[in-house]
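Listing of data.txt, compact mmCIF, C-alpha atoms
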# COMPACT_ATOMS: atom_id res chain seq x y z
CA MET J 1 -169.59 176.68 -2.07
CA ASP J 2 -167.59 174.03 -0.21
CA ALA J 3 -164.77 174.94 2.15
CA VAL J 4 -161.96 172.37 2.28
CA ILE J 5 -158.76 171.94 4.27
CA ILE J 6 -155.68 171.40 2.12
CA ASP J 7 -153.35 170.72 5.02
CA ALA J 8 -152.68 171.62 8.64
CA VAL J 9 -149.41 171.71 10.51
CA ARG J 10 -148.30 172.37 14.07
CA THR J 11 -145.15 172.82 16.08
CA PRO J 12 -144.32 170.47 18.93
CA ILE J 13 -145.68 172.01 22.12
CA GLY J 14 -143.25 173.38 24.69
CA LYS J 15 -143.53 173.99 28.40
CA GLY J 16 -144.81 177.53 28.94
CA LYS J 17 -142.23 178.53 31.51
CA ALA J 18 -138.62 179.64 31.63
CA SER J 19 -137.29 176.08 31.47
CA GLY J 20 -139.30 175.24 28.34
CA ALA J 21 -137.55 174.53 25.06
CA LEU J 22 -139.46 177.34 23.29
CA ALA J 23 -139.02 179.91 26.07
CA GLY J 24 -137.17 182.93 24.72
CA VAL J 25 -138.52 182.39 21.21
CA HIS J 26 -140.40 185.51 20.21
CA PRO J 27 -144.14 184.75 19.74
CA VAL J 28 -144.06 186.34 16.28
CA ASP J 29 -141.27 183.97 15.22
CA LEU J 30 -143.11 180.99 16.70
CA HIS J 31 -146.27 181.89 14.81
CA ALA J 32 -144.32 182.65 11.63
CA HIS J 33 -142.74 179.22 11.72
CA ALA J 34 -146.12 177.51 11.47
CA LEU J 35 -147.19 179.81 8.63
CA ARG J 36 -143.99 179.27 6.65
CA SER J 37 -144.08 175.52 7.20
CA LEU J 38 -147.65 175.34 5.90
CA LEU J 39 -146.73 177.26 2.75
CA ASP J 40 -143.67 175.08 2.16
CA ARG J 41 -145.68 171.87 2.59
CA THR J 42 -148.50 172.90 0.29
CA GLY J 43 -146.35 174.64 -2.34
CA VAL J 44 -148.86 177.48 -2.63
CA ASP J 45 -147.70 180.83 -3.99
CA PRO J 46 -147.84 183.12 -0.92
CA ALA J 47 -149.07 185.98 -3.10
CA LEU J 48 -152.33 184.07 -3.66
CA ILE J 49 -153.25 184.11 0.04
CA GLY J 50 -156.27 186.36 0.54
CA ASP J 51 -155.88 186.73 4.29
CA VAL J 52 -154.12 185.28 7.34
CA ILE J 53 -156.44 184.91 10.33
CA GLY J 54 -154.60 184.12 13.55
CA GLY J 55 -155.96 183.27 16.98
CA VAL J 56 -154.06 184.65 19.99
CA VAL J 57 -155.38 185.05 23.54
CA GLY J 58 -152.75 187.12 25.38
CA GLN J 59 -152.82 190.17 23.11
CA ILE J 60 -150.38 192.24 25.11
CA GLY J 61 -146.65 192.93 24.97
CA GLU J 62 -144.92 190.69 22.43
CA GLN J 63 -148.32 189.37 21.26
CA SER J 64 -149.96 192.77 20.71
CA ILE J 65 -150.61 195.24 17.84
CA ASN J 66 -152.22 192.65 15.56
CA THR J 67 -149.45 190.12 16.09
CA THR J 68 -150.64 187.92 13.18
CA ARG J 69 -149.70 190.67 10.71
CA TRP J 70 -146.12 190.62 11.97
CA ALA J 71 -146.05 186.83 11.94
CA ALA J 72 -147.14 186.85 8.28
CA LEU J 73 -144.38 189.31 7.41
CA ALA J 74 -141.85 187.35 9.45
CA ALA J 75 -142.87 184.24 7.51
CA GLY J 76 -141.99 185.99 4.25
CA LEU J 77 -145.49 186.56 2.91
CA PRO J 78 -145.79 189.53 0.57
CA GLU J 79 -146.65 192.86 2.15
CA THR J 80 -149.84 192.85 0.07
CA VAL J 81 -151.26 189.87 2.03
CA PRO J 82 -153.44 191.12 4.91
CA ALA J 83 -153.66 189.55 8.35
CA VAL J 84 -155.85 189.85 11.43
CA THR J 85 -155.76 188.58 15.00
CA VAL J 86 -158.88 187.19 16.68
CA ASP J 87 -159.69 186.32 20.27
CA ARG J 88 -162.29 183.77 21.25
CA GLN J 89 -160.19 182.77 24.23
CA CYS J 90 -159.11 179.11 24.17
CA GLY J 91 -161.00 178.59 20.91
CA SER J 92 -159.22 181.40 19.06
CA GLY J 93 -157.35 179.09 16.69
CA GLN J 94 -160.53 177.17 15.89
CA GLN J 95 -162.45 180.42 15.44
CA ALA J 96 -159.81 181.46 12.90
CA ILE J 97 -160.67 178.30 10.93
CA HIS J 98 -164.39 179.09 11.21
CA PHE J 99 -163.88 182.63 9.87
CA ALA J 100 -161.68 181.32 7.07
CA ALA J 101 -164.23 178.70 6.03
CA GLN J 102 -167.07 181.22 6.18
CA GLY J 103 -165.11 183.63 3.97
CA VAL J 104 -164.43 180.89 1.44
CA ARG J 105 -168.08 179.82 1.43
CA ALA J 106 -169.17 183.42 0.90
CA GLY J 107 -166.82 183.78 -2.06
CA ASP J 108 -164.70 186.45 -0.41
CA TYR J 109 -161.55 184.31 -0.25
CA ASP J 110 -159.91 181.93 -2.69
CA LEU J 111 -157.13 180.87 -0.34
CA VAL J 112 -156.82 181.78 3.33
CA ILE J 113 -154.58 180.67 6.17
CA ALA J 114 -156.17 180.09 9.57
CA SER J 115 -153.70 179.82 12.42
CA GLY J 116 -153.12 180.19 16.12
CA ALA J 117 -150.19 180.80 18.42
CA GLU J 118 -149.41 181.39 22.07
CA SER J 119 -146.20 181.86 23.98
CA MET J 120 -147.28 181.46 27.57
CA SER J 121 -143.67 181.59 28.74
CA THR J 122 -143.48 185.11 27.29
CA VAL J 123 -147.02 186.33 28.01
CA PRO J 124 -148.26 184.48 31.11
CA ILE J 125 -151.95 183.61 31.30
CA GLY J 126 -154.02 186.53 32.54
CA SER J 127 -151.37 189.16 31.76
CA GLN J 128 -153.78 191.29 29.77
CA THR J 129 -156.19 191.65 32.70
CA LEU J 130 -153.73 191.77 35.59
CA GLY J 131 -154.80 194.52 37.96
CA ARG J 132 -157.61 195.58 35.63
CA ASP J 133 -161.40 195.33 35.72
CA ALA J 134 -162.02 193.63 32.38
CA LEU J 135 -165.77 193.16 32.85
CA GLY J 136 -167.12 196.50 33.98
CA PRO J 137 -169.95 197.45 36.34
CA ARG J 138 -172.88 196.33 34.17
CA VAL J 139 -171.64 192.75 34.07
CA GLY J 140 -171.22 192.99 37.84
CA ARG J 141 -174.83 194.03 38.21
CA ARG J 142 -176.04 191.18 36.00
CA TYR J 143 -174.03 188.66 38.05
CA PRO J 144 -174.08 190.17 41.53
CA GLU J 145 -172.74 187.03 43.21
CA GLY J 146 -169.67 187.25 41.00
CA LEU J 147 -168.11 185.08 38.32
CA VAL J 148 -165.18 182.78 38.99
CA PRO J 149 -161.86 181.65 37.50
CA GLN J 150 -161.86 178.67 35.16
CA GLY J 151 -160.45 176.34 37.80
CA ILE J 152 -163.46 176.98 40.02
CA SER J 153 -165.75 176.37 37.04
CA ALA J 154 -163.99 173.03 36.52
CA GLU J 155 -164.65 172.21 40.19
CA LEU J 156 -168.33 173.17 39.83
CA ILE J 157 -168.59 170.88 36.81
CA ALA J 158 -167.02 167.99 38.71
CA ALA J 159 -169.54 168.54 41.52
CA ARG J 160 -172.61 168.85 39.26
CA TRP J 161 -171.78 165.71 37.29
CA GLY J 162 -170.65 163.73 40.34
CA LEU J 163 -167.12 163.15 39.05
CA PRO J 164 -164.83 161.77 41.77
CA ARG J 165 -161.14 162.55 41.98
CA GLY J 166 -160.19 159.03 40.90
CA GLN J 167 -162.13 159.39 37.64
CA LEU J 168 -160.51 162.74 36.83
CA ASP J 169 -157.05 161.33 37.51
CA ALA J 170 -157.72 158.15 35.54
CA PHE J 171 -158.71 160.20 32.51
CA ALA J 172 -155.53 162.27 32.85
CA ALA J 173 -153.31 159.19 33.15
CA GLU J 174 -154.94 157.69 30.06
CA SER J 175 -154.33 160.91 28.13
CA HIS J 176 -150.62 160.69 28.90
CA ARG J 177 -150.57 156.97 28.01
CA ARG J 178 -152.25 157.58 24.66
CA ALA J 179 -150.01 160.52 23.83
CA ALA J 180 -146.82 158.66 24.73
CA THR J 181 -147.91 155.66 22.65
CA ALA J 182 -148.81 157.90 19.70
CA TRP J 183 -145.38 159.51 19.79
CA LYS J 184 -143.66 156.15 20.04
CA GLU J 185 -145.59 154.87 17.02
CA GLY J 186 -145.00 158.01 14.94
CA ARG J 187 -148.67 158.99 14.81
CA PHE J 188 -147.91 162.71 15.14
CA ASP J 189 -145.27 162.78 12.42
CA ALA J 190 -147.59 163.88 9.60
CA GLU J 191 -148.84 166.96 11.43
CA LEU J 192 -145.53 168.22 12.82
CA THR J 193 -143.07 170.70 11.40
CA PRO J 194 -139.36 170.48 12.31
CA THR J 195 -138.92 173.16 14.92
CA ALA J 196 -135.60 174.94 15.44
CA PHE J 197 -135.35 178.56 16.53
CA THR J 198 -132.95 181.30 17.49
CA ARG J 199 -133.94 182.85 20.81
CA ALA J 200 -133.95 186.56 21.48
CA ASP J 201 -130.57 186.20 23.23
CA GLY J 202 -129.05 184.59 20.13
CA SER J 203 -128.97 181.04 21.47
CA GLY J 204 -130.43 178.17 19.49
CA THR J 205 -133.12 175.75 20.58
CA GLU J 206 -134.94 172.82 19.02
CA LEU J 207 -138.00 170.88 20.11
CA THR J 208 -138.85 167.48 18.64
CA ILE J 209 -141.59 166.21 20.97
CA ASP J 210 -144.51 167.63 22.95
CA GLU J 211 -142.65 168.59 26.09
CA THR J 212 -145.32 168.06 28.76
CA ILE J 213 -146.10 164.39 28.07
CA ARG J 214 -145.25 162.28 31.12
CA PRO J 215 -145.14 158.61 30.08
CA ALA J 216 -144.67 157.44 33.67
CA THR J 217 -147.82 159.18 34.94
CA THR J 218 -150.16 156.91 36.89
CA VAL J 219 -153.35 157.36 38.86
CA GLU J 220 -151.33 156.72 42.01
CA VAL J 221 -148.87 159.51 41.18
CA LEU J 222 -151.68 161.92 40.35
CA ALA J 223 -153.50 161.08 43.57
CA GLY J 224 -150.68 162.70 45.53
CA LEU J 225 -151.29 166.17 44.08
CA LYS J 226 -153.13 168.83 46.08
CA PRO J 227 -156.20 170.70 44.78
CA ALA J 228 -154.96 173.58 42.66
CA PHE J 229 -157.75 176.10 43.14
CA TYR J 230 -158.87 175.79 46.78
CA SER J 231 -159.60 178.97 48.71
CA ASP J 232 -161.53 179.55 51.91
CA ALA J 233 -163.73 182.12 50.18
CA TYR J 234 -164.78 179.79 47.36
CA ALA J 235 -165.18 176.88 49.75
CA ALA J 236 -167.66 178.96 51.76
CA ARG J 237 -169.49 180.13 48.65
CA PHE J 238 -169.70 176.70 47.00
CA PRO J 239 -170.00 174.04 49.71
CA GLN J 240 -170.86 171.45 47.06
CA ILE J 241 -167.34 171.52 45.65
CA GLY J 242 -165.24 168.51 46.58
CA TRP J 243 -161.92 170.09 45.50
CA GLN J 244 -160.98 167.45 42.94
CA VAL J 245 -159.14 169.56 40.32
CA THR J 246 -155.34 169.49 40.43
CA ALA J 247 -152.45 170.44 38.18
CA GLY J 248 -152.35 166.79 37.12
CA ASN J 249 -155.93 166.57 35.83
CA SER J 250 -155.80 170.00 34.16
CA SER J 251 -153.97 171.14 31.06
CA PRO J 252 -150.52 172.69 31.61
CA ILE J 253 -149.34 176.08 30.32
CA ASN J 254 -147.56 175.93 26.99
CA ASP J 255 -145.95 177.49 23.94
CA GLY J 256 -146.90 176.45 20.41
CA ALA J 257 -148.36 177.37 17.02
CA ALA J 258 -150.42 175.74 14.28
CA ALA J 259 -151.82 176.68 10.87
CA ALA J 260 -154.23 175.35 8.24
CA LEU J 261 -154.81 176.23 4.59
CA ILE J 262 -158.49 176.68 3.70
CA THR J 263 -159.93 177.06 0.21
CA SER J 264 -162.84 175.92 -1.95
CA ALA J 265 -163.01 172.64 -3.85
CA ASP J 266 -163.07 174.58 -7.13
CA THR J 267 -159.99 176.63 -6.28
CA ALA J 268 -158.17 173.51 -5.10
CA ALA J 269 -158.90 171.80 -8.43
CA ARG J 270 -157.79 174.86 -10.39
CA LEU J 271 -154.48 175.06 -8.51
CA GLY J 272 -153.85 171.31 -8.47
CA LEU J 273 -154.20 171.04 -4.69
CA ARG J 274 -155.53 167.89 -3.07
CA PRO J 275 -157.87 168.62 -0.14
CA ARG J 276 -157.56 166.42 2.93
CA ALA J 277 -161.02 167.18 4.32
CA ARG J 278 -164.23 169.06 3.69
CA ILE J 279 -165.65 171.29 6.42
CA ARG J 280 -169.16 169.92 6.83
CA ALA J 281 -170.55 172.10 9.61
CA LEU J 282 -169.60 174.84 12.08
CA ALA J 283 -171.20 176.01 15.31
CA VAL J 284 -170.50 178.47 18.09
CA VAL J 285 -172.59 178.82 21.24
CA GLY J 286 -172.86 180.83 24.42
CA ASP J 287 -173.55 179.18 27.76
CA ASP J 288 -173.61 179.89 31.50
CA PRO J 289 -170.52 182.03 32.27
CA LEU J 290 -170.36 180.70 35.83
CA TYR J 291 -169.94 177.09 34.70
CA MET J 292 -168.12 178.62 31.75
CA LEU J 293 -166.74 175.43 30.16
CA THR J 294 -169.91 173.44 29.46
CA GLY J 295 -170.67 175.09 26.12
CA ILE J 296 -169.13 172.13 24.29
CA ILE J 297 -172.28 170.14 25.16
CA PRO J 298 -174.79 172.32 23.25
CA ALA J 299 -172.16 173.11 20.61
CA THR J 300 -171.84 169.40 19.83
CA ALA J 301 -175.60 169.01 19.51
CA ARG J 302 -175.85 172.06 17.25
CA VAL J 303 -173.02 171.09 14.88
CA LEU J 304 -174.39 167.55 14.51
CA GLU J 305 -177.81 168.96 13.65
CA ARG J 306 -176.33 171.33 11.08
CA ALA J 307 -174.38 168.50 9.47
CA GLY J 308 -177.40 166.20 9.42
CA LEU J 309 -175.41 163.60 11.34
CA THR J 310 -175.72 161.70 14.61
CA LEU J 311 -173.12 160.92 17.23
CA ASP J 312 -172.80 157.40 15.82
CA ASP J 313 -171.69 158.82 12.46
CA ILE J 314 -168.59 160.37 14.00
CA ASP J 315 -165.44 158.25 13.78
CA ALA J 316 -163.19 160.43 15.95
CA PHE J 317 -163.65 163.28 18.42
CA GLU J 318 -161.12 165.87 19.51
CA VAL J 319 -162.35 167.58 22.67
CA ASN J 320 -159.93 170.02 24.22
CA GLU J 321 -158.84 168.81 27.65
CA ALA J 322 -158.65 172.16 29.42
CA PHE J 323 -159.71 170.16 32.48
CA THR J 324 -160.55 166.46 32.55
CA SER J 325 -163.82 167.24 34.35
CA VAL J 326 -165.00 169.14 31.27
CA VAL J 327 -164.46 166.24 28.87
CA LEU J 328 -165.98 163.73 31.29
CA ALA J 329 -169.10 165.88 31.72
CA TRP J 330 -169.33 166.19 27.91
CA GLN J 331 -169.04 162.40 27.56
CA ALA J 332 -171.73 161.86 30.18
CA GLU J 333 -174.14 164.22 28.42
CA THR J 334 -173.47 163.16 24.82
CA GLY J 335 -172.88 159.43 25.34
CA ALA J 336 -169.80 159.56 23.09
CA ASP J 337 -167.68 156.41 23.03
CA PRO J 338 -164.53 157.15 25.11
CA ALA J 339 -162.49 155.00 22.72
CA LYS J 340 -163.17 157.57 19.98
CA VAL J 341 -162.30 160.62 22.09
CA ASN J 342 -158.78 162.10 21.86
CA ILE J 343 -157.42 158.88 20.42
CA ASN J 344 -153.81 160.14 20.44
CA GLY J 345 -154.15 161.85 23.81
CA GLY J 346 -155.33 165.35 24.57
CA ALA J 347 -154.28 168.66 26.07
CA THR J 348 -153.77 167.21 29.56
CA ALA J 349 -150.69 165.54 28.13
CA LEU J 350 -149.92 167.32 24.86
CA GLY J 351 -150.42 170.81 26.25
CA HIS J 352 -152.70 173.79 25.69
CA PRO J 353 -151.02 176.84 24.11
CA LEU J 354 -154.21 178.87 24.30
CA GLY J 355 -154.51 180.60 20.93
CA ALA J 356 -152.99 177.67 19.05
CA SER J 357 -155.03 174.82 20.49
CA GLY J 358 -158.04 175.03 18.18
CA ALA J 359 -155.83 174.84 15.08
CA ARG J 360 -153.61 172.19 16.70
CA ILE J 361 -156.67 170.01 17.28
CA THR J 362 -157.53 170.25 13.58
CA ALA J 363 -154.06 169.05 12.59
CA THR J 364 -154.37 166.14 15.01
CA LEU J 365 -157.91 165.26 13.90
CA LEU J 366 -156.77 165.06 10.28
CA SER J 367 -153.99 162.67 11.33
CA VAL J 368 -156.34 160.52 13.40
CA LEU J 369 -158.89 160.17 10.61
CA ASP J 370 -156.13 159.02 8.26
CA GLN J 371 -154.82 156.54 10.81
CA ILE J 372 -158.19 154.91 11.49
CA ASP J 373 -159.49 155.27 7.92
CA GLY J 374 -162.37 157.31 9.32
CA ARG J 375 -164.76 159.58 7.45
CA PHE J 376 -166.17 162.10 9.92
CA GLY J 377 -164.38 163.91 12.75
CA LEU J 378 -165.81 166.34 15.28
CA GLN J 379 -163.75 168.81 17.28
CA THR J 380 -164.95 171.10 20.02
CA ILE J 381 -163.30 173.44 22.48
CA CYS J 382 -164.52 175.24 25.60
CA GLU J 383 -163.74 178.92 26.10
CA ALA J 384 -163.70 181.48 28.89
CA GLY J 385 -166.90 183.44 29.34
CA GLY J 386 -169.19 180.49 28.65
CA LEU J 387 -168.43 179.96 24.95
CA ALA J 388 -167.62 176.98 22.74
CA ASN J 389 -166.84 176.22 19.11
CA ALA J 390 -167.53 172.97 17.28
CA MET J 391 -166.68 171.76 13.79
CA ILE J 392 -167.27 168.59 11.79
CA ILE J 393 -164.90 167.66 8.99
CA GLU J 394 -165.23 164.92 6.38
CA ARG J 395 -162.06 163.18 5.28
CA LEU J 396 -161.53 163.10 1.52
CA GLY J 397 -159.66 160.44 -0.42
Render the structure in this file as structure tokens.
Amino acid sequence: MDAVIIDAVRTPIGKGKASGALAGVHPVDLHAHALRSLLDRTGVDPALIGDVIGGVVGQIGEQSINTTRWAALAAGLPETVPAVTVDRQCGSGQQAIHFAAQGVRAGDYDLVIASGAESMSTVPIGSQTLGRDALGPRVGRRYPEGLVPQGISAELIAARWGLPRGQLDAFAAESHRRAATAWKEGRFDAELTPTAFTRADGSGTELTIDETIRPATTVEVLAGLKPAFYSDAYAARFPQIGWQVTAGNSSPINDGAAAALITSADTAARLGLRPRARIRALAVVGDDPLYMLTGIIPATARVLERAGLTLDDIDAFEVNEAFTSVVLAWQAETGADPAKVNINGGATALGHPLGASGARITATLLSVLDQIDGRFGLQTICEAGGLANAMIIERLG
């Protein structure tokens, strides 16, 4: 049975700090907004939804106790519609889409919403592990030299692939240029939902553009930033690191939400829904947890093999820009045409609200394929712990 995407929608992405436009918006309300907007756009009876699968990384505080269930209720879905929250780190929103598609293919769902949300201004990155040993002694014995934060992994990747600072900064500047141009030309309009909220303190806020895009960013400006992850201890442990990774060539912290409606071709026809894309292939891989972010390389190879396609068949790629070194290493290994990668800019500029990013990328990939009249799109996202998801979609009509 085919799994198809009827539509996908996202909020504009806010700065994930106190000054951000979405700061003070409860994460449940942020998530609910994407769910409600998707239902309104598609016209689907909410009572027909078989499940809501939501990706969230910081499952603590305001994003705890199965937060997707509360988002579904806040969005007005019937109490009879179930919901579940998943965590595959930065790929949580994309994993939600994978689970939804797999459920449809198995015949267990007719209609399912896959979504993702993260309010990093409310639940700062790492809050769930702060002061805690999240790995345990057995992992410590398997990796006696110790694992490292993602920023150090990004530095190790830059060193292994021989990526100089200028190349990382040039990629970042180009991401901002592409994103600013895409906004100016209205290329995000089809995927966005109008976003106005009441904050917890009763004040109103509205966001109409991805808040972290910096149109004036240049390689020269980025060159003035200091390495973000340097420490004497890591410098002694990894003398090969050149300390190239900065806040400017990494993704920022953000708030945002996204959602997609997944069903089968038969159910779509029965309900009079017009699918935008067919999900051709899915893959998830594990990789070296020290380098952590390189899983997108084998994930890309695996999903192409499963789809029976080659790199040349793909018209557009969306590769999450957690760090520019990650995407550049992926390009070096795959040989992908840079002109086809993150055509409307990537997370370096647009932002990376952790749990939402995988679903946000899907909304953007659908838009890009429409804009270039492309057939096949591939998205992939790296994840903490040495994981990665990949998906190929085929545009319909």
Can you pull out the residues contacting Val4 (chain J)? Cut-off 7 Å, using only C-alpha atoms, and skip same-chain residues under 6 positions away; I want them as a compact mmCIF listing (two decimals) with C-alpha atoms, in the coordinates of the input.
# COMPACT_ATOMS: atom_id res chain seq x y z
CA ILE J 262 -158.49 176.68 3.70
CA THR J 263 -159.93 177.06 0.21
CA SER J 264 -162.84 175.92 -1.95
CA ALA J 265 -163.01 172.64 -3.85
CA PRO J 275 -157.87 168.62 -0.14
CA ALA J 277 -161.02 167.18 4.32
CA ARG J 278 -164.23 169.06 3.69
CA ILE J 279 -165.65 171.29 6.42
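A straight line drawn from CA of Gly242 (chain J) to CA of Ile381 (chain J) is 24.7 Å long.
The shortest atom-to-atom distance to Ala159 (chain J), with only C-alpha atoms taken into account, belongs to J:Val326 out of J:Val326, J:Ala3, J:Ala182, J:Ala299.
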**Prompt:** Which polymer residues have any atom within 7 Å of an atom of Ala83 (chain J), counting all atoms listed in the file, with same-chain residues fewer than 2 positions away left out, as a list in words?
**Reply:** Asp51, Val52, Ile53, Thr68, Arg69 and Val81 of chain J
**Contacts of Ala8 (chain J) within 10 Å, only C-alpha atoms, excl. fewer than 4 positions in-chain, as a PyMOL selection string** = chain J and resi 34-35+37-38+41-42+113-115+190-192+258-262+276+359-367
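Computed from the coordinates, the CA of Ala117 (chain J) to CA of Ala196 (chain J) distance equals 16.0 Å.
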Which residues are near Thr212 (chain J)? Cut-off 10 Å, only C-alpha atoms, ignore same chain within fewer than 3 positions. Put them as a CSV table (one decimal) with C-alpha atoms, in the coordinates of the input.
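Printed below is around-v5.csv as written:
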chain,number,residue,atom,x,y,z
J,13,ILE,CA,-145.7,172.0,22.1
J,14,GLY,CA,-143.2,173.4,24.7
J,15,LYS,CA,-143.5,174.0,28.4
J,16,GLY,CA,-144.8,177.5,28.9
J,20,GLY,CA,-139.3,175.2,28.3
J,176,HIS,CA,-150.6,160.7,28.9
J,209,ILE,CA,-141.6,166.2,21.0
J,215,PRO,CA,-145.1,158.6,30.1
J,251,SER,CA,-154.0,171.1,31.1
J,252,PRO,CA,-150.5,172.7,31.6
J,253,ILE,CA,-149.3,176.1,30.3
J,254,ASN,CA,-147.6,175.9,27.0
J,347,ALA,CA,-154.3,168.7,26.1
J,348,THR,CA,-153.8,167.2,29.6
J,349,ALA,CA,-150.7,165.5,28.1
J,350,LEU,CA,-149.9,167.3,24.9
J,351,GLY,CA,-150.4,170.8,26.2
J,352,HIS,CA,-152.7,173.8,25.7
Would you tabulate, counting all atoms listed in the file, all residues of region 267-364 of chain J that have an atom at most 12 Å from an atom of region 58-62 of chain J, showing the closest pair of atoms and their distance in Å to one decimal, sorted by chain then ascending number, as a Markdown table?
| residue | atom | partner | partner_atom | distance |
| --- | --- | --- | --- | --- |
| J:Pro353 | CA | J:Gly58 | CA | 10.5 |
| J:Leu354 | CA | J:Gly58 | CA | 8.4 |
| J:Gly355 | CA | J:Gly58 | CA | 8.1 |
| J:Ala356 | CA | J:Gly58 | CA | 11.4 |
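Atom pair CA of Gly386 (chain J) / CA of Glu318 (chain J) has a distance of 19.0 Å (rounded to one decimal).
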**Message:** For a quick check of understanding, using all atoms listed in the file, which of J:Ala179, J:Val104, J:Ala200, J:Val57 has the smallest distance to Thr129 (chain J)?
**Reply:** J:Val57
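Among the candidate residues J:Thr267, J:Gln94, J:Ser121, J:Ser231, the one lying nearest to Ala388 (chain J) is J:Gln94, with distances computed using only C-alpha atoms.
Of the residues listed (J:Asp110, J:Val86, J:Ile5, J:Ala233), J:Asp110 shows the shortest atom-to-atom separation from Leu48 (chain J); distances use only C-alpha atoms.
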Spatial neighbours of region 280-291 of chain J, max dist 8 Å, all atoms listed in the file, sep filter under 4 positions, as a PDB file with C-alpha atoms, in the frame of the given file:
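Done, and the output landed in part-v6.pdb:
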ATOM      1  CA  HIS J  98    -164.390 179.090  11.210  1.00  0.00           C
ATOM      2  CA  LEU J 147    -168.110 185.080  38.320  1.00  0.00           C
ATOM      3  CA  VAL J 148    -165.180 182.780  38.990  1.00  0.00           C
ATOM      4  CA  SER J 153    -165.750 176.370  37.040  1.00  0.00           C
ATOM      5  CA  ALA J 154    -163.990 173.030  36.520  1.00  0.00           C
ATOM      6  CA  LEU J 156    -168.330 173.170  39.830  1.00  0.00           C
ATOM      7  CA  ILE J 157    -168.590 170.880  36.810  1.00  0.00           C
ATOM      8  CA  GLY J 295    -170.670 175.090  26.120  1.00  0.00           C
ATOM      9  CA  PRO J 298    -174.790 172.320  23.250  1.00  0.00           C
ATOM     10  CA  ALA J 299    -172.160 173.110  20.610  1.00  0.00           C
ATOM     11  CA  ARG J 302    -175.850 172.060  17.250  1.00  0.00           C
ATOM     12  CA  VAL J 303    -173.020 171.090  14.880  1.00  0.00           C
ATOM     13  CA  LEU J 304    -174.390 167.550  14.510  1.00  0.00           C
ATOM     14  CA  ARG J 306    -176.330 171.330  11.080  1.00  0.00           C
ATOM     15  CA  ALA J 307    -174.380 168.500   9.470  1.00  0.00           C
ATOM     16  CA  ALA J 384    -163.700 181.480  28.890  1.00  0.00           C
ATOM     17  CA  GLY J 385    -166.900 183.440  29.340  1.00  0.00           C
ATOM     18  CA  GLY J 386    -169.190 180.490  28.650  1.00  0.00           C
ATOM     19  CA  LEU J 387    -168.430 179.960  24.950  1.00  0.00           C
ATOM     20  CA  ALA J 388    -167.620 176.980  22.740  1.00  0.00           C
ATOM     21  CA  ASN J 389    -166.840 176.220  19.110  1.00  0.00           C
ATOM     22  CA  ALA J 390    -167.530 172.970  17.280  1.00  0.00           C
ATOM     23  CA  MET J 391    -166.680 171.760  13.790  1.00  0.00           C
ATOM     24  CA  ILE J 392    -167.270 168.590  11.790  1.00  0.00           C
ATOM     25  CA  ILE J 393    -164.900 167.660   8.990  1.00  0.00           C
ATOM     26  CA  GLU J 394    -165.230 164.920   6.380  1.00  0.00           C
TER      27      GLU J 394
END
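Considering the residues J:Ala71, J:Ala180, J:Gln244, J:Pro338 and counting all atoms listed in the file, Ala158 (chain J) has its shortest atom-to-atom contact with J:Gln244.
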**Prompt:** Hey, which of J:Asp40, J:Asp337, J:Asp232, J:Glu383 ends up closest to Gln95 (chain J)? Count all atoms listed in the file.
**Reply:** J:Glu383
